[in-house]
Amino acid sequence: MNVKSDLFIPDDVLSRKGARKATEIPEYIRNWLQAGHIESVNLTEWLAVDHVLLFQKITHEWGMDAETKEISEQLKQMNEQRIMKIIPAIGMQWLDVLKRLAINEQTMLFRSIAEHRSDSVRCWGAYIIGLDSRLNLTEKLEHIQPFAADHHFGVREIAWMAVRESISAELSTALQNLISWCNDPDPLIRRFAIESTRPRGVWAKHIPELKENPTAALPLLDAVKSDAHKYVQDSVSNWLNDASKTNPEWVRQICTTWIQQSDTKHTLRIVTRAKRSLT
């Protein structure tokens with residue numbers, strides 16, 4: 001595998017705000033995104049990336065055309081444009097490639113994916129972890145943490161989605177593991193703990209057990225009921241808003257209790273947003 005050094009990217013490209021519509025993305029920006037040379041800066045750019053084309057460009061850059069030719073053909077035949085289908089599909093293909101390599105080669109290749117300059121490529125890395133049946137849940141959470149703390153919004157979202165099914169399958173173990181995450185100094189880690197366990201979530205399957213019994217996650221929620229970071233606050237309030245769809249009285253009770261225990265502007269913002277769907 002031959003990984004080229006980073007290219008020089010002009011400051012005006014790095015500091016761009018991003019187009020509002022996919023059709024407004026400049027051609028040179030699209031080309032750089034598709035080559036994996038730059039990160040997307042907003043949801044429009046993130047969704048506009050053709051992951052199959054990116055896979056082909058990255059594997060060619062790494063001198064892996066022969067090893068991945070069949071994979072590229074399979075991905076093209078899928079004709080899948082939905083991002084939450086194609087990213088896991090590519091992650092699974094990378095996982096199969098990694099399994100065929102020696103340990104040191106596995107480490108090098110995974111690191112190249114996980115630390116790539118392209119946020120889209122790093123998203124594949126998150127799913128490599130989430131789909132690896134050789135890892136137990138505790139190991140998956142340990143390995144997913146760098147992705148949960150990634151500076152890019154897309155990678156952070158994919159991180160919790162990648163392990164969501166494993167969390168749902170072993171909910172009790174997950175909730176125990178994630179309690180310490182809620183006390184982490186990094187708000188991105190605290191947010192992951194809440195977002196990954198939302199009863200309904202976004203772009204993800206529901207967790208029936210938490211829809212029916214949200215109290216099971218109360219130790220996590222209590223730990224961040226007055227979190228000073230808005231990114232965490234939004235996740236907590238969205239979690240409770242999810243729960244209000246099936247357990248409205250429980251959410252009302254929790255919000256009342258929290259205000260009594262922690263009458264701060266942070267808690268007030270959380271409970272106000274949490275009750276937005278209640279009448």
# chains A, B, ... in the order shown; residues from 1 in each chain; ligands from 1
call {"tool": "select_by_dssp", "arguments": {"residues": "range 19-267 of chain A", "states": "alpha helix (DSSP H)", "output": "ChimeraX atom specification"}}
result
/A:27-35,43-48,51-61,65-78,83-99,103-114,119-130,137-148,153-169,171-179,187-195,208-212,218-223,230-244,248-261,265-267
call {"tool": "residues_around", "arguments": {"residues": "Ile189 in chain A", "least_positions_apart": "2", "cutoff": "12 Å", "atoms": "only C-alpha atoms", "output": "PyMOL selection string"}}
result
chain A and resi 141-142+144-151+156-157+159-160+178-187+191-196+224+229+231-232+235
call {"tool": "write_last_selection", "arguments": {"atoms": "N, CA, C and O atoms", "output": "compact mmCIF listing (two decimals), in the first residue's frame"}}
result
# COMPACT_ATOMS: atom_id res chain seq x y z
N LEU A 141 -17.06 -0.34 21.63
CA LEU A 141 -17.17 1.00 22.21
C LEU A 141 -15.79 1.62 22.43
O LEU A 141 -15.58 2.82 22.21
N GLU A 142 -14.85 0.81 22.86
CA GLU A 142 -13.48 1.31 23.06
C GLU A 142 -12.87 1.78 21.74
O GLU A 142 -12.29 2.87 21.68
N ILE A 144 -14.48 2.63 18.99
CA ILE A 144 -15.26 3.65 18.29
C ILE A 144 -15.04 5.03 18.90
O ILE A 144 -15.39 6.06 18.29
N GLN A 145 -14.44 5.10 20.08
CA GLN A 145 -14.32 6.37 20.79
C GLN A 145 -13.61 7.47 19.98
O GLN A 145 -14.08 8.62 19.98
N PRO A 146 -12.51 7.18 19.29
CA PRO A 146 -11.88 8.25 18.49
C PRO A 146 -12.81 8.80 17.41
O PRO A 146 -12.74 9.99 17.08
N PHE A 147 -13.67 7.96 16.86
CA PHE A 147 -14.62 8.42 15.85
C PHE A 147 -15.72 9.25 16.50
O PHE A 147 -16.20 10.22 15.93
N ALA A 148 -16.11 8.87 17.72
CA ALA A 148 -17.11 9.64 18.46
C ALA A 148 -16.60 11.04 18.79
O ALA A 148 -17.39 11.97 18.92
N ALA A 149 -15.28 11.16 18.92
CA ALA A 149 -14.67 12.45 19.26
C ALA A 149 -14.09 13.15 18.04
O ALA A 149 -13.37 14.14 18.17
N ASP A 150 -14.39 12.66 16.85
CA ASP A 150 -13.86 13.26 15.63
C ASP A 150 -14.32 14.70 15.50
O ASP A 150 -15.43 15.06 15.92
N HIS A 151 -13.49 15.55 14.90
CA HIS A 151 -13.85 16.95 14.75
C HIS A 151 -14.94 17.17 13.70
O HIS A 151 -15.54 18.25 13.64
N ARG A 156 -18.87 11.79 13.43
CA ARG A 156 -19.49 11.60 14.75
C ARG A 156 -20.86 10.95 14.64
O ARG A 156 -21.22 10.08 15.45
N GLU A 157 -21.65 11.34 13.64
CA GLU A 157 -22.96 10.74 13.46
C GLU A 157 -22.85 9.27 13.05
O GLU A 157 -23.55 8.40 13.56
N ALA A 159 -20.43 7.34 13.70
CA ALA A 159 -19.85 6.57 14.81
C ALA A 159 -20.93 5.90 15.65
O ALA A 159 -20.86 4.70 15.94
N TRP A 160 -21.94 6.67 16.06
CA TRP A 160 -22.97 6.04 16.90
C TRP A 160 -23.89 5.13 16.08
O TRP A 160 -24.36 4.11 16.58
N LEU A 178 -21.44 3.04 29.13
CA LEU A 178 -21.58 4.44 28.72
C LEU A 178 -21.75 5.41 29.87
O LEU A 178 -21.68 6.63 29.67
N ILE A 179 -21.97 4.91 31.09
CA ILE A 179 -22.08 5.82 32.24
C ILE A 179 -20.81 6.66 32.39
O ILE A 179 -20.88 7.88 32.59
N SER A 180 -19.66 6.03 32.25
CA SER A 180 -18.40 6.77 32.39
C SER A 180 -18.23 7.78 31.25
O SER A 180 -17.60 8.82 31.43
N TRP A 181 -18.79 7.49 30.09
CA TRP A 181 -18.70 8.42 28.97
C TRP A 181 -19.44 9.72 29.29
O TRP A 181 -19.04 10.80 28.83
N CYS A 182 -20.51 9.62 30.06
CA CYS A 182 -21.29 10.81 30.41
C CYS A 182 -20.55 11.75 31.35
O CYS A 182 -20.96 12.89 31.56
N ASN A 183 -19.46 11.26 31.94
CA ASN A 183 -18.64 12.09 32.82
C ASN A 183 -17.30 12.46 32.18
O ASN A 183 -16.42 13.00 32.85
N ASP A 184 -17.16 12.16 30.90
CA ASP A 184 -15.91 12.46 30.19
C ASP A 184 -15.76 13.96 30.00
O ASP A 184 -16.74 14.68 29.79
N PRO A 185 -14.53 14.47 30.08
CA PRO A 185 -14.31 15.92 29.88
C PRO A 185 -14.68 16.39 28.48
O PRO A 185 -14.99 17.58 28.29
N ASP A 186 -14.65 15.50 27.50
CA ASP A 186 -14.95 15.87 26.12
C ASP A 186 -16.46 15.84 25.89
O ASP A 186 -17.09 14.79 25.99
N PRO A 187 -17.07 16.98 25.52
CA PRO A 187 -18.51 16.99 25.28
C PRO A 187 -18.93 16.10 24.12
O PRO A 187 -20.07 15.64 24.07
N ARG A 191 -21.88 13.46 24.46
CA ARG A 191 -22.99 13.50 23.51
C ARG A 191 -23.21 12.14 22.87
O ARG A 191 -24.34 11.71 22.67
N PHE A 192 -22.12 11.46 22.52
CA PHE A 192 -22.23 10.13 21.91
C PHE A 192 -23.01 9.18 22.81
O PHE A 192 -23.86 8.41 22.34
N ALA A 193 -22.72 9.20 24.11
CA ALA A 193 -23.37 8.29 25.04
C ALA A 193 -24.88 8.45 25.02
O ALA A 193 -25.63 7.47 25.13
N ILE A 194 -25.33 9.69 24.88
CA ILE A 194 -26.76 9.96 24.86
C ILE A 194 -27.35 9.68 23.48
O ILE A 194 -28.37 9.00 23.34
N GLU A 195 -26.71 10.19 22.45
CA GLU A 195 -27.24 10.06 21.09
C GLU A 195 -27.34 8.61 20.65
O GLU A 195 -28.29 8.20 19.98
N SER A 196 -26.36 7.80 21.04
CA SER A 196 -26.33 6.40 20.60
C SER A 196 -27.43 5.56 21.24
O SER A 196 -27.73 4.47 20.76
N VAL A 224 -25.98 14.14 32.84
CA VAL A 224 -25.82 15.30 31.95
C VAL A 224 -27.05 16.21 31.97
O VAL A 224 -27.26 16.99 31.05
N HIS A 229 -22.67 22.27 27.81
CA HIS A 229 -22.41 22.31 26.37
C HIS A 229 -23.73 22.09 25.60
O HIS A 229 -24.42 21.09 25.78
N TYR A 231 -24.30 21.21 22.61
CA TYR A 231 -24.30 20.00 21.77
C TYR A 231 -24.82 18.81 22.58
O TYR A 231 -25.57 17.98 22.08
N VAL A 232 -24.43 18.76 23.84
CA VAL A 232 -24.91 17.70 24.74
C VAL A 232 -26.35 17.97 25.15
O VAL A 232 -27.19 17.06 25.15
N SER A 235 -28.82 16.84 22.60
CA SER A 235 -28.97 15.40 22.54
C SER A 235 -29.84 14.89 23.69
O SER A 235 -30.70 14.03 23.49
call {"tool": "residues_around", "arguments": {"residues": "Thr59 in chain A", "least_positions_apart": "2", "cutoff": "10 Å", "atoms": "only C-alpha atoms", "output": "PyMOL selection string"}}
result
chain A and resi 1-3+54-57+61-69+72
call {"tool": "closest_atom_pairs", "arguments": {"of": "range 128-224 of chain A", "to": "range 85-102 of chain A", "cutoff": "9 Å", "atoms": "only C-alpha atoms", "output": "JSON lines"}}
result
{"residue": "A:Ile128", "atom": "CA", "partner": "A:Gly91", "partner_atom": "CA", "distance": 4.8}
{"residue": "A:Ile129", "atom": "CA", "partner": "A:Leu95", "partner_atom": "CA", "distance": 8.4}
{"residue": "A:Gly130", "atom": "CA", "partner": "A:Gly91", "partner_atom": "CA", "distance": 8.8}
{"residue": "A:Leu131", "atom": "CA", "partner": "A:Met92", "partner_atom": "CA", "distance": 6.6}
{"residue": "A:Asp132", "atom": "CA", "partner": "A:Leu95", "partner_atom": "CA", "distance": 7.1}
{"residue": "A:Ile158", "atom": "CA", "partner": "A:Ile87", "partner_atom": "CA", "distance": 8.9}
{"residue": "A:Ala162", "atom": "CA", "partner": "A:Pro88", "partner_atom": "CA", "distance": 7.8}
call {"tool": "write_last_selection", "arguments": {"atoms": "N, CA and C atoms", "output": "compact mmCIF listing (two decimals), in the first residue's frame"}}
result
# COMPACT_ATOMS: atom_id res chain seq x y z
N ILE A 128 -16.29 -0.31 9.94
CA ILE A 128 -15.42 -1.48 10.05
C ILE A 128 -15.47 -2.00 11.49
N ILE A 129 -15.46 -1.08 12.44
CA ILE A 129 -15.56 -1.47 13.86
C ILE A 129 -16.94 -2.01 14.18
N GLY A 130 -17.96 -1.27 13.77
CA GLY A 130 -19.32 -1.65 14.12
C GLY A 130 -19.75 -3.00 13.56
N LEU A 131 -19.19 -3.39 12.42
CA LEU A 131 -19.59 -4.63 11.76
C LEU A 131 -18.67 -5.81 12.08
N ASP A 132 -17.63 -5.57 12.86
CA ASP A 132 -16.65 -6.63 13.14
C ASP A 132 -17.18 -7.58 14.21
N ILE A 158 -21.95 9.01 12.11
CA ILE A 158 -21.75 7.63 11.66
C ILE A 158 -21.23 6.76 12.80
N ALA A 162 -22.91 3.28 13.67
CA ALA A 162 -22.16 2.05 13.40
C ALA A 162 -22.28 1.02 14.51
call {"tool": "residues_around", "arguments": {"residues": "Val121 in chain A", "least_positions_apart": "5", "cutoff": "9 Å", "atoms": "only C-alpha atoms", "output": "VMD selection string"}}
result
chain A and resid 36 51 54 to 55 58 113 to 116
call {"tool": "residues_around", "arguments": {"residues": "Arg16 in chain A", "least_positions_apart": "5", "cutoff": "12 Å", "atoms": "only C-alpha atoms", "output": "number ranges by chain"}}
result
A: 9-11, 25-26, 29, 38-42, 45
call {"tool": "closest_residue", "arguments": {"among": "A:Arg190, A:Arg134, A:Arg269, A:Lys140", "to": "Ser226 in chain A", "atoms": "only C-alpha atoms"}}
result
A:Arg269
